[in-house]
$ cat protein.pdb   # PDB, C-alpha atoms
MODEL        1
ATOM      1  CA  MET A   1       0.000   0.000   0.000
ATOM      2  CA  ASN A   2       1.095   3.561  -0.651
ATOM      3  CA  LEU A   3       0.803   6.205   2.060
ATOM      4  CA  GLN A   4      -2.662   7.352   1.028
ATOM      5  CA  GLU A   5      -3.941   3.757   0.996
ATOM      6  CA  LEU A   6      -2.443   3.165   4.441
ATOM      7  CA  GLU A   7      -4.115   6.305   5.802
ATOM      8  CA  LEU A   8      -7.467   5.212   4.383
ATOM      9  CA  LYS A   9      -6.995   1.740   5.831
ATOM     10  CA  ALA A  10      -6.269   3.188   9.289
ATOM     11  CA  ASN A  11      -9.458   5.234   8.970
ATOM     12  CA  GLU A  12     -11.377   2.060   8.087
ATOM     13  CA  ILE A  13      -9.867   0.230  11.074
ATOM     14  CA  ARG A  14     -10.990   3.048  13.387
ATOM     15  CA  LYS A  15     -14.568   2.662  12.167
ATOM     16  CA  SER A  16     -14.404  -1.095  12.599
ATOM     17  CA  LEU A  17     -13.036  -0.970  16.141
ATOM     18  CA  LEU A  18     -15.647   1.580  17.188
ATOM     19  CA  GLN A  19     -18.418  -0.650  15.840
ATOM     20  CA  THR A  20     -16.895  -3.619  17.671
ATOM     21  CA  ILE A  21     -16.818  -1.708  20.959
ATOM     22  CA  TYR A  22     -20.389  -0.513  20.461
ATOM     23  CA  ASP A  23     -21.628  -4.033  19.662
ATOM     24  CA  GLY A  24     -19.777  -5.579  22.596
ATOM     25  CA  GLY A  25     -20.756  -2.908  25.083
ATOM     26  CA  THR A  26     -17.208  -2.614  26.393
ATOM     27  CA  GLY A  27     -13.763  -1.552  25.275
ATOM     28  CA  HIS A  28     -10.701   0.621  25.720
ATOM     29  CA  THR A  29     -11.613   3.156  23.085
ATOM     30  CA  GLY A  30      -9.030   5.917  23.522
ATOM     31  CA  GLY A  31      -5.938   3.739  23.298
ATOM     32  CA  ALA A  32      -7.381   1.646  20.476
ATOM     33  CA  LEU A  33      -7.876   4.807  18.434
ATOM     34  CA  SER A  34      -4.440   6.245  19.256
ATOM     35  CA  SER A  35      -2.663   3.046  18.166
ATOM     36  CA  ALA A  36      -4.659   2.399  14.969
ATOM     37  CA  ASP A  37      -2.066   4.044  12.708
ATOM     38  CA  ILE A  38       0.777   2.070  14.310
ATOM     39  CA  LEU A  39      -1.016  -1.236  13.843
ATOM     40  CA  THR A  40      -1.972  -0.367  10.276
ATOM     41  CA  ALA A  41       1.597   0.510   9.313
ATOM     42  CA  LEU A  42       2.824  -2.728  10.858
ATOM     43  CA  TYR A  43       0.276  -5.100   9.347
ATOM     44  CA  TYR A  44      -0.129  -3.555   5.897
ATOM     45  CA  HIS A  45       3.470  -2.501   5.284
ATOM     46  CA  THR A  46       6.071  -3.996   7.621
ATOM     47  CA  LEU A  47       5.282  -7.383   9.139
ATOM     48  CA  HIS A  48       6.093 -10.581   7.291
ATOM     49  CA  VAL A  49       3.026 -12.622   8.240
ATOM     50  CA  ASP A  50       0.718 -14.834   6.197
ATOM     51  CA  PRO A  51      -2.907 -15.606   7.141
ATOM     52  CA  ALA A  52      -2.649 -18.809   5.095
ATOM     53  CA  ASN A  53       0.372 -19.933   7.130
ATOM     54  CA  PRO A  54       0.206 -18.103  10.463
ATOM     55  CA  ASP A  55       2.736 -20.408  12.154
ATOM     56  CA  ALA A  56       5.499 -20.139   9.548
ATOM     57  CA  SER A  57       8.830 -20.516  11.330
ATOM     58  CA  ASP A  58      10.376 -17.438   9.706
ATOM     59  CA  ARG A  59       7.394 -15.144  10.325
ATOM     60  CA  ASP A  60       7.682 -11.862  12.165
ATOM     61  CA  ARG A  61       6.191 -11.969  15.659
ATOM     62  CA  PHE A  62       3.932  -9.216  16.994
ATOM     63  CA  ILE A  63       2.909  -8.806  20.621
ATOM     64  CA  LEU A  64       0.244  -6.333  21.718
ATOM     65  CA  SER A  65       1.559  -5.775  25.214
ATOM     66  CA  LYS A  66      -1.073  -3.091  25.871
ATOM     67  CA  GLY A  67      -3.579  -5.886  25.475
ATOM     68  CA  HIS A  68      -6.564  -3.932  26.767
ATOM     69  CA  CYS A  69      -6.576  -2.019  23.450
ATOM     70  CA  VAL A  70      -7.319  -5.163  21.478
ATOM     71  CA  GLU A  71     -10.217  -3.938  19.359
ATOM     72  CA  GLY A  72      -8.099  -2.481  16.548
ATOM     73  CA  TYR A  73      -5.957  -5.622  16.591
ATOM     74  CA  TYR A  74      -9.024  -7.826  16.093
ATOM     75  CA  ALA A  75     -10.263  -5.519  13.316
ATOM     76  CA  ILE A  76      -6.981  -5.942  11.443
ATOM     77  CA  LEU A  77      -6.811  -9.707  11.951
ATOM     78  CA  ALA A  78     -10.320  -9.958  10.505
ATOM     79  CA  ASP A  79      -9.526  -7.654   7.598
ATOM     80  CA  LYS A  80      -6.349  -9.613   6.799
ATOM     81  CA  GLY A  81      -8.186 -12.950   6.843
ATOM     82  CA  PHE A  82      -6.826 -14.494  10.044
ATOM     83  CA  ILE A  83     -10.369 -14.661  11.456
ATOM     84  CA  PRO A  84     -13.818 -14.220   9.852
ATOM     85  CA  LYS A  85     -15.056 -10.634   9.750
ATOM     86  CA  GLU A  86     -18.445 -11.784  11.041
ATOM     87  CA  GLU A  87     -16.773 -12.871  14.273
ATOM     88  CA  LEU A  88     -16.136  -9.246  15.235
ATOM     89  CA  HIS A  89     -19.820  -8.975  16.164
ATOM     90  CA  THR A  90     -19.274 -11.556  18.916
ATOM     91  CA  TYR A  91     -16.718  -9.414  20.764
ATOM     92  CA  CYS A  92     -17.032  -9.925  24.524
ATOM     93  CA  ARG A  93     -20.243 -11.947  24.100
ATOM     94  CA  TYR A  94     -20.793 -15.212  25.942
ATOM     95  CA  GLY A  95     -18.706 -18.041  24.477
ATOM     96  CA  THR A  96     -16.753 -15.828  22.064
ATOM     97  CA  ARG A  97     -13.113 -16.258  21.150
ATOM     98  CA  LEU A  98     -12.811 -12.473  20.979
ATOM     99  CA  ILE A  99     -12.314 -11.742  24.638
ATOM    100  CA  GLY A 100     -11.277  -8.339  25.991
ATOM    101  CA  HIS A 101      -7.549  -9.035  25.668
ATOM    102  CA  PRO A 102      -5.577 -10.862  22.938
ATOM    103  CA  ASN A 103      -6.385 -14.568  22.844
ATOM    104  CA  ASN A 104      -3.710 -16.814  21.339
ATOM    105  CA  GLU A 105      -6.301 -19.460  20.528
ATOM    106  CA  LEU A 106      -6.826 -17.249  17.468
ATOM    107  CA  PRO A 107      -4.484 -17.571  14.462
ATOM    108  CA  GLY A 108      -2.103 -14.650  14.208
ATOM    109  CA  ILE A 109      -1.908 -13.962  17.947
ATOM    110  CA  GLU A 110       1.349 -15.126  19.505
ATOM    111  CA  VAL A 111       0.597 -14.774  23.205
ATOM    112  CA  LYS A 112      -2.180 -13.787  25.579
ATOM    113  CA  THR A 113      -1.505 -10.374  27.047
ATOM    114  CA  GLY A 114      -3.192  -7.947  29.356
ATOM    115  CA  ALA A 115      -1.191  -7.967  32.572
ATOM    116  CA  LEU A 116       0.918  -4.946  31.692
ATOM    117  CA  GLY A 117       4.690  -5.278  31.553
ATOM    118  CA  HIS A 118       4.740  -8.839  30.217
ATOM    119  CA  GLY A 119       4.930  -8.208  26.471
ATOM    120  CA  LEU A 120       8.515  -7.006  26.247
ATOM    121  CA  PRO A 121       9.922  -9.811  28.435
ATOM    122  CA  VAL A 122       8.136 -12.406  26.278
ATOM    123  CA  GLY A 123       9.253 -10.658  23.098
ATOM    124  CA  THR A 124      12.832 -10.586  24.356
ATOM    125  CA  GLY A 125      12.746 -14.337  24.868
ATOM    126  CA  MET A 126      11.333 -14.815  21.380
ATOM    127  CA  ALA A 127      14.054 -12.623  19.876
ATOM    128  CA  ILE A 128      16.769 -14.619  21.663
ATOM    129  CA  GLY A 129      15.298 -17.845  20.324
ATOM    130  CA  LEU A 130      15.118 -16.507  16.781
ATOM    131  CA  LYS A 131      18.748 -15.386  16.987
ATOM    132  CA  LYS A 132      19.854 -18.814  18.192
ATOM    133  CA  ASN A 133      17.936 -20.485  15.361
ATOM    134  CA  LYS A 134      19.393 -18.034  12.825
ATOM    135  CA  SER A 135      15.857 -17.140  11.768
ATOM    136  CA  ALA A 136      15.028 -14.093   9.658
ATOM    137  CA  GLY A 137      11.990 -13.494  11.836
ATOM    138  CA  ARG A 138      11.775 -10.286  13.849
ATOM    139  CA  VAL A 139       9.840  -9.382  17.002
ATOM    140  CA  PHE A 140       7.706  -6.262  17.457
ATOM    141  CA  VAL A 141       6.153  -5.310  20.809
ATOM    142  CA  LEU A 142       3.613  -2.501  21.132
ATOM    143  CA  MET A 143       3.453  -1.077  24.657
ATOM    144  CA  GLY A 144       1.494   1.685  26.331
ATOM    145  CA  ASP A 145       3.191   4.589  28.043
ATOM    146  CA  GLY A 146       1.474   3.894  31.367
ATOM    147  CA  GLU A 147       2.951   0.413  31.102
ATOM    148  CA  GLN A 148       6.418   1.923  31.406
ATOM    149  CA  GLU A 149       5.838   2.062  35.168
ATOM    150  CA  GLU A 150       6.256  -1.742  35.301
ATOM    151  CA  GLY A 151       9.667  -2.955  36.481
ATOM    152  CA  SER A 152       9.529  -5.988  34.193
ATOM    153  CA  VAL A 153       9.725  -3.655  31.178
ATOM    154  CA  TRP A 154      13.106  -2.391  32.342
ATOM    155  CA  GLU A 155      14.408  -5.864  33.183
ATOM    156  CA  ALA A 156      13.616  -6.845  29.602
ATOM    157  CA  ALA A 157      15.225  -3.632  28.357
ATOM    158  CA  MET A 158      18.467  -4.622  30.094
ATOM    159  CA  ALA A 159      18.315  -8.139  28.657
ATOM    160  CA  GLY A 160      17.572  -6.923  25.138
ATOM    161  CA  SER A 161      20.616  -4.693  25.192
ATOM    162  CA  HIS A 162      22.842  -7.322  26.800
ATOM    163  CA  TYR A 163      22.025  -9.901  24.119
ATOM    164  CA  LYS A 164      22.339  -7.318  21.292
ATOM    165  CA  LEU A 165      18.864  -8.102  19.994
ATOM    166  CA  ASP A 166      18.696  -6.016  16.852
ATOM    167  CA  ASN A 167      15.821  -8.274  15.739
ATOM    168  CA  LEU A 168      13.677  -6.786  18.549
ATOM    169  CA  THR A 169      11.670  -3.577  18.220
ATOM    170  CA  GLY A 170       9.698  -1.997  21.020
ATOM    171  CA  ILE A 171       7.075   0.611  20.161
ATOM    172  CA  VAL A 172       5.528   2.876  22.781
ATOM    173  CA  ASP A 173       2.096   4.370  22.084
ATOM    174  CA  ARG A 174       3.003   7.647  23.793
ATOM    175  CA  ASN A 175      -0.421   9.279  24.142
ATOM    176  CA  HIS A 176       0.551  10.700  27.557
ATOM    177  CA  LEU A 177      -2.658   9.502  29.262
ATOM    178  CA  GLN A 178      -3.400   6.476  31.416
ATOM    179  CA  ILE A 179      -6.504   5.469  33.312
ATOM    180  CA  SER A 180      -6.000   7.854  36.226
ATOM    181  CA  GLY A 181      -4.439  10.880  34.516
ATOM    182  CA  THR A 182      -1.378  11.951  32.572
ATOM    183  CA  THR A 183       1.737   9.817  32.815
ATOM    184  CA  GLU A 184       3.661  12.752  34.193
ATOM    185  CA  GLU A 185       1.103  13.221  36.990
ATOM    186  CA  VAL A 186       1.051   9.536  37.925
ATOM    187  CA  ILE A 187       4.731   8.588  37.581
ATOM    188  CA  GLY A 188       6.813  10.871  35.379
ATOM    189  CA  LEU A 189       8.584   9.196  32.465
ATOM    190  CA  GLU A 190      10.682  12.065  31.160
ATOM    191  CA  PRO A 191      13.410  12.236  29.971
ATOM    192  CA  PHE A 192      11.880   9.162  28.382
ATOM    193  CA  ALA A 193      14.066   8.707  25.290
ATOM    194  CA  ASP A 194      17.243   9.266  27.294
ATOM    195  CA  ARG A 195      16.216   6.564  29.761
ATOM    196  CA  TRP A 196      15.893   3.999  26.976
ATOM    197  CA  ARG A 197      19.191   5.084  25.453
ATOM    198  CA  ALA A 198      20.822   4.647  28.854
ATOM    199  CA  PHE A 199      19.580   1.051  28.815
ATOM    200  CA  GLY A 200      21.430   0.476  25.541
ATOM    201  CA  TRP A 201      18.629   0.837  22.987
ATOM    202  CA  ALA A 202      18.634   2.768  19.716
ATOM    203  CA  VAL A 203      15.753   5.245  19.941
ATOM    204  CA  ARG A 204      13.715   7.247  17.448
ATOM    205  CA  GLU A 205      10.856   9.611  18.317
ATOM    206  CA  ILE A 206       8.098  10.130  15.747
ATOM    207  CA  ASP A 207       4.537  11.330  15.329
ATOM    208  CA  GLY A 208       2.719   8.031  15.772
ATOM    209  CA  ASN A 209      -0.371   9.314  13.968
ATOM    210  CA  ASN A 210       1.651  10.266  10.888
ATOM    211  CA  MET A 211       1.783   7.390   8.432
ATOM    212  CA  GLU A 212       4.798   8.706   6.544
ATOM    213  CA  GLN A 213       6.861   8.889   9.733
ATOM    214  CA  LEU A 214       5.717   5.433  10.862
ATOM    215  CA  VAL A 215       6.655   3.810   7.553
ATOM    216  CA  ALA A 216      10.036   5.560   7.482
ATOM    217  CA  ALA A 217      10.824   4.419  11.039
ATOM    218  CA  PHE A 218       9.853   0.805  10.365
ATOM    219  CA  ASP A 219      11.791   0.793   7.081
ATOM    220  CA  ALA A 220      14.912   1.958   8.971
ATOM    221  CA  LEU A 221      14.954  -1.051  11.320
ATOM    222  CA  PRO A 222      17.158  -1.994  12.979
ATOM    223  CA  LEU A 223      17.933   1.578  13.952
ATOM    224  CA  GLU A 224      21.444   0.501  14.912
ATOM    225  CA  LYS A 225      23.246  -2.783  14.293
ATOM    226  CA  GLY A 226      23.735  -4.795  17.475
ATOM    227  CA  LYS A 227      21.098  -2.884  19.476
ATOM    228  CA  PRO A 228      17.361  -3.377  20.019
ATOM    229  CA  SER A 229      15.231  -0.553  18.625
ATOM    230  CA  LEU A 230      12.709   1.584  20.510
ATOM    231  CA  ILE A 231      10.246   3.782  18.624
ATOM    232  CA  ILE A 232       8.497   6.386  20.745
ATOM    233  CA  ALA A 233       5.315   7.080  18.793
ATOM    234  CA  HIS A 234       3.709  10.282  20.066
ATOM    235  CA  THR A 235      -0.039   9.918  19.544
ATOM    236  CA  VAL A 236      -3.368  11.458  20.520
ATOM    237  CA  LYS A 237      -5.602   9.368  22.743
ATOM    238  CA  GLY A 238      -8.971   9.005  21.020
ATOM    239  CA  ARG A 239      -7.454  10.065  17.683
ATOM    240  CA  GLY A 240     -10.034  10.814  14.998
ATOM    241  CA  VAL A 241     -13.073  11.508  17.209
ATOM    242  CA  LYS A 242     -13.082  15.044  18.617
ATOM    243  CA  GLU A 243     -15.310  14.109  21.565
ATOM    244  CA  MET A 244     -12.719  11.557  22.705
ATOM    245  CA  GLU A 245      -9.391  13.166  21.866
ATOM    246  CA  ASN A 246      -7.015  13.811  24.794
ATOM    247  CA  LYS A 247      -9.621  12.799  27.379
ATOM    248  CA  LYS A 248      -8.602  10.281  30.047
ATOM    249  CA  GLU A 249     -12.290   9.458  30.496
ATOM    250  CA  TRP A 250     -12.079   7.609  27.179
ATOM    251  CA  HIS A 251      -9.369   5.259  28.398
ATOM    252  CA  HIS A 252     -12.317   2.896  28.780
ATOM    253  CA  GLY A 253     -15.734   3.726  27.434
ATOM    254  CA  VAL A 254     -18.485   2.840  24.987
ATOM    255  CA  PRO A 255     -20.063   5.370  22.617
ATOM    256  CA  ASP A 256     -23.834   5.577  22.508
ATOM    257  CA  ALA A 257     -25.626   5.408  19.164
ATOM    258  CA  GLU A 258     -25.515   9.178  18.668
ATOM    259  CA  LEU A 259     -21.799   9.463  19.386
ATOM    260  CA  LEU A 260     -21.071   6.448  17.187
ATOM    261  CA  GLN A 261     -22.775   8.120  14.240
ATOM    262  CA  SER A 262     -20.916  11.358  14.957
ATOM    263  CA  ALA A 263     -17.634   9.435  15.024
ATOM    264  CA  PHE A 264     -18.438   7.736  11.716
ATOM    265  CA  ALA A 265     -19.315  11.084  10.136
ATOM    266  CA  GLN A 266     -16.022  12.581  11.302
ATOM    267  CA  LEU A 267     -14.034   9.622  10.010
ATOM    268  CA  ASP A 268     -15.878   9.696   6.684
ATOM    269  CA  ALA A 269     -15.004  13.381   6.351
ATOM    270  CA  GLN A 270     -11.376  12.638   7.136
ATOM    271  CA  ALA A 271     -11.326   9.863   4.534
ATOM    272  CA  ALA A 272     -12.779  12.216   1.934
ATOM    273  CA  ASN A 273     -10.069  14.748   2.747
ATOM    274  CA  ILE A 274      -7.337  12.103   2.429
ATOM    275  CA  ILE A 275      -8.663  11.192  -1.021
ATOM    276  CA  LYS A 276      -8.956  14.837  -2.044
ATOM    277  CA  GLU A 277      -5.665  16.101  -0.676
ATOM    278  CA  GLY A 278      -3.594  12.934  -0.628
ATOM    279  CA  VAL A 279      -2.008  13.972   2.658
ATOM    280  CA  SER A 280      -2.146  13.016   6.318
ATOM    281  CA  LEU A 281      -4.532  14.949   8.557
TER     282      LEU A 281
ENDMDL
END

$ encode --input "protein.pdb" --output "structure tokens"
Amino acid sequence: MNLQELELKANEIRKSLLQTIYDGGTGHTGGALSSADILTALYYHTLHVDPANPDASDRDRFILSKGHCVEGYYAILADKGFIPKEELHTYCRYGTRLIGHPNNELPGIEVKTGALGHGLPVGTGMAIGLKKNKSAGRVFVLMGDGEQEEGSVWEAAMAGSHYKLDNLTGIVDRNHLQISGTTEEVIGLEPFADRWRAFGWAVREIDGNNMEQLVAAFDALPLEKGKPSLIIAHTVKGRGVKEMENKKEWHHGVPDAELLQSAFAQLDAQAANIIKEGVSL
């Protein structure tokens, strides 16, 4: 996909995840919207994965460590053909496979996540194994910024640097909001990039809602030979829906029918502008 097609796809994924949350009556809307561009760039441009052979030994591995924001992930897996699109309507219903956090009983999902701080340690172990097996497969871990308060993240950061895992990429959805307020109010992260560099990682900061910057960052991997890569993707929580943007109240929440239609109208207008202008919003 070219950049315009990727932007339109991210717009489509936002509509799908909002419908999924509305149908299921539950969801982590703000973070799902902020990370939609990241997931789109990964799955439609960067990752070497195949729905027809989801367990290929040389595949890239993706871990959604911020597992509570699973709705966009499910939307992409359905769109790519890993799961039926009709199954999205069963989200969080009785007996569904589409539970509120990633479920590795589904093809295309490597590991169950949700307890924050576990994704990077698991991804580090995967990257070590791939190195030992001389596999071309790479590991990508998407984390939240509130998750950076977990000590296990920093233990994995030390290990990733020690083992020179340049097949490992961490991505932080840096929307600056967590469930109880801003990250800097709860436990300050800054100077965030410098902290990761001090742990031996190559770091790049980008606008995580800018498709051109996302693609360029992923195309540049590894950022430095012999080091794991960390991409700090600055995003807007609730991106694309003005009633939700930069509001901690939308960390978890379900739109009513009126707000859902307003959100769809806004996203349709944004899609029309992308087609007309051929540029990111």

$ residues_around --input "protein.pdb" --residues "region 164-174 of chain A" --least-positions-apart "4" --cutoff "9 Å" --atoms "all atoms listed in the file" --output "compact mmCIF listing (two decimals) with C-alpha atoms, keeping the file's coordinate frame"
# COMPACT_ATOMS: atom_id res chain seq x y z
CA GLY A 31 -5.94 3.74 23.30
CA SER A 34 -4.44 6.24 19.26
CA SER A 35 -2.66 3.05 18.17
CA ILE A 38 0.78 2.07 14.31
CA LYS A 66 -1.07 -3.09 25.87
CA LEU A 120 8.52 -7.01 26.25
CA GLY A 123 9.25 -10.66 23.10
CA THR A 124 12.83 -10.59 24.36
CA MET A 126 11.33 -14.82 21.38
CA ALA A 127 14.05 -12.62 19.88
CA ILE A 128 16.77 -14.62 21.66
CA LEU A 130 15.12 -16.51 16.78
CA LYS A 131 18.75 -15.39 16.99
CA ALA A 136 15.03 -14.09 9.66
CA GLY A 137 11.99 -13.49 11.84
CA ARG A 138 11.78 -10.29 13.85
CA VAL A 139 9.84 -9.38 17.00
CA PHE A 140 7.71 -6.26 17.46
CA VAL A 141 6.15 -5.31 20.81
CA LEU A 142 3.61 -2.50 21.13
CA MET A 143 3.45 -1.08 24.66
CA GLY A 144 1.49 1.68 26.33
CA ASP A 145 3.19 4.59 28.04
CA GLY A 146 1.47 3.89 31.37
CA GLN A 148 6.42 1.92 31.41
CA ALA A 159 18.32 -8.14 28.66
CA GLY A 160 17.57 -6.92 25.14
CA GLY A 200 21.43 0.48 25.54
CA GLY A 208 2.72 8.03 15.77
CA LEU A 221 14.95 -1.05 11.32
CA PRO A 222 17.16 -1.99 12.98
CA LEU A 223 17.93 1.58 13.95
CA GLU A 224 21.44 0.50 14.91
CA LYS A 225 23.25 -2.78 14.29
CA GLY A 226 23.74 -4.80 17.48
CA LYS A 227 21.10 -2.88 19.48
CA PRO A 228 17.36 -3.38 20.02
CA SER A 229 15.23 -0.55 18.62
CA LEU A 230 12.71 1.58 20.51
CA ILE A 231 10.25 3.78 18.62
CA ILE A 232 8.50 6.39 20.74
CA ALA A 233 5.32 7.08 18.79
CA HIS A 234 3.71 10.28 20.07
CA THR A 235 -0.04 9.92 19.54
CA VAL A 236 -3.37 11.46 20.52
CA LYS A 237 -5.60 9.37 22.74

$ atom_distance --input "protein.pdb" --atom1 "CA of Ala217 (chain A)" --atom2 "CA of Phe62 (chain A)"
16.4 Å

$ axis_aligned_box --input "protein.pdb" --around "region 190-207 of chain A" --padding-each-side "8 Å" --output "AutoDock Vina command-line options"
--center_x 13.0 --center_y 6.4 --center_z 23.2 --size_x 32.9 --size_y 27.8 --size_z 31.8

$ residues_around --input "protein.pdb" --residues "Leu106 (chain A)" --least-positions-apart "4" --cutoff "12 Å" --atoms "all atoms listed in the file" --output "list of chain:residue names"
A:Pro51, A:Pro54, A:Asp55, A:Tyr73, A:Tyr74, A:Leu77, A:Ala78, A:Gly81, A:Phe82, A:Ile83, A:Pro84, A:Glu87, A:Thr96, A:Arg97, A:Leu98, A:Ile99, A:His101, A:Pro102, A:Glu110, A:Val111, A:Lys112

$ write_last_selection --input "protein.pdb" --atoms "C-alpha atoms" --output "short mmCIF file (atom, residue, chain, number, x, y, z; two decimals), in the coordinates of the input"
data_model
loop_
_atom_site.label_atom_id
_atom_site.label_comp_id
_atom_site.auth_asym_id
_atom_site.auth_seq_id
_atom_site.Cartn_x
_atom_site.Cartn_y
_atom_site.Cartn_z
CA PRO A 51 -2.91 -15.61 7.14
CA PRO A 54 0.21 -18.10 10.46
CA ASP A 55 2.74 -20.41 12.15
CA TYR A 73 -5.96 -5.62 16.59
CA TYR A 74 -9.02 -7.83 16.09
CA LEU A 77 -6.81 -9.71 11.95
CA ALA A 78 -10.32 -9.96 10.50
CA GLY A 81 -8.19 -12.95 6.84
CA PHE A 82 -6.83 -14.49 10.04
CA ILE A 83 -10.37 -14.66 11.46
CA PRO A 84 -13.82 -14.22 9.85
CA GLU A 87 -16.77 -12.87 14.27
CA THR A 96 -16.75 -15.83 22.06
CA ARG A 97 -13.11 -16.26 21.15
CA LEU A 98 -12.81 -12.47 20.98
CA ILE A 99 -12.31 -11.74 24.64
CA HIS A 101 -7.55 -9.04 25.67
CA PRO A 102 -5.58 -10.86 22.94
CA GLU A 110 1.35 -15.13 19.50
CA VAL A 111 0.60 -14.77 23.20
CA LYS A 112 -2.18 -13.79 25.58
#

$ atom_distance --input "protein.pdb" --atom1 "CA of Thr26 (chain A)" --atom2 "CA of Val122 (chain A)"
27.2 Å

$ atom_distance --input "protein.pdb" --atom1 "CA of Ala75 (chain A)" --atom2 "CA of Leu17 (chain A)"
6.0 Å

$ build_atoms --input "protein.pdb" --residues "region 233-245 of chain A" --atoms "N, CA and C atoms" --output "mmCIF file, keeping the file's coordinate frame"
data_model
loop_
_atom_site.group_PDB
_atom_site.id
_atom_site.type_symbol
_atom_site.label_atom_id
_atom_site.label_comp_id
_atom_site.auth_asym_id
_atom_site.auth_seq_id
_atom_site.Cartn_x
_atom_site.Cartn_y
_atom_site.Cartn_z
ATOM 1 N N ALA A 233 6.311 6.573 19.732
ATOM 2 C CA ALA A 233 5.315 7.080 18.793
ATOM 3 C C ALA A 233 4.359 8.012 19.542
ATOM 4 N N HIS A 234 4.569 9.304 19.401
ATOM 5 C CA HIS A 234 3.709 10.282 20.066
ATOM 6 C C HIS A 234 2.352 10.306 19.360
ATOM 7 N N THR A 235 1.300 10.036 20.119
ATOM 8 C CA THR A 235 -0.039 9.918 19.544
ATOM 9 C C THR A 235 -1.040 10.742 20.346
ATOM 10 N N VAL A 236 -2.254 10.786 19.840
ATOM 11 C CA VAL A 236 -3.368 11.458 20.520
ATOM 12 C C VAL A 236 -4.358 10.387 20.963
ATOM 13 N N LYS A 237 -4.606 10.317 22.251
ATOM 14 C CA LYS A 237 -5.602 9.368 22.743
ATOM 15 C C LYS A 237 -6.970 9.749 22.162
ATOM 16 N N GLY A 238 -7.684 8.743 21.646
ATOM 17 C CA GLY A 238 -8.971 9.005 21.020
ATOM 18 C C GLY A 238 -8.876 9.578 19.626
ATOM 19 N N ARG A 239 -7.731 9.452 18.984
ATOM 20 C CA ARG A 239 -7.454 10.065 17.683
ATOM 21 C C ARG A 239 -8.574 9.820 16.669
ATOM 22 N N GLY A 240 -9.055 10.913 16.074
ATOM 23 C CA GLY A 240 -10.034 10.814 14.998
ATOM 24 C C GLY A 240 -11.443 11.168 15.404
ATOM 25 N N VAL A 241 -11.722 11.194 16.714
ATOM 26 C CA VAL A 241 -13.073 11.508 17.209
ATOM 27 C C VAL A 241 -12.936 12.653 18.202
ATOM 28 N N LYS A 242 -13.378 13.833 17.829
ATOM 29 C CA LYS A 242 -13.082 15.044 18.617
ATOM 30 C C LYS A 242 -13.617 14.942 20.042
ATOM 31 N N GLU A 243 -14.743 14.237 20.224
ATOM 32 C CA GLU A 243 -15.310 14.109 21.565
ATOM 33 C C GLU A 243 -14.452 13.248 22.482
ATOM 34 N N MET A 244 -13.526 12.484 21.922
ATOM 35 C CA MET A 244 -12.719 11.557 22.705
ATOM 36 C C MET A 244 -11.253 11.965 22.807
ATOM 37 N N GLU A 245 -10.820 12.861 21.949
ATOM 38 C CA GLU A 245 -9.391 13.166 21.866
ATOM 39 C C GLU A 245 -8.861 13.819 23.141
#
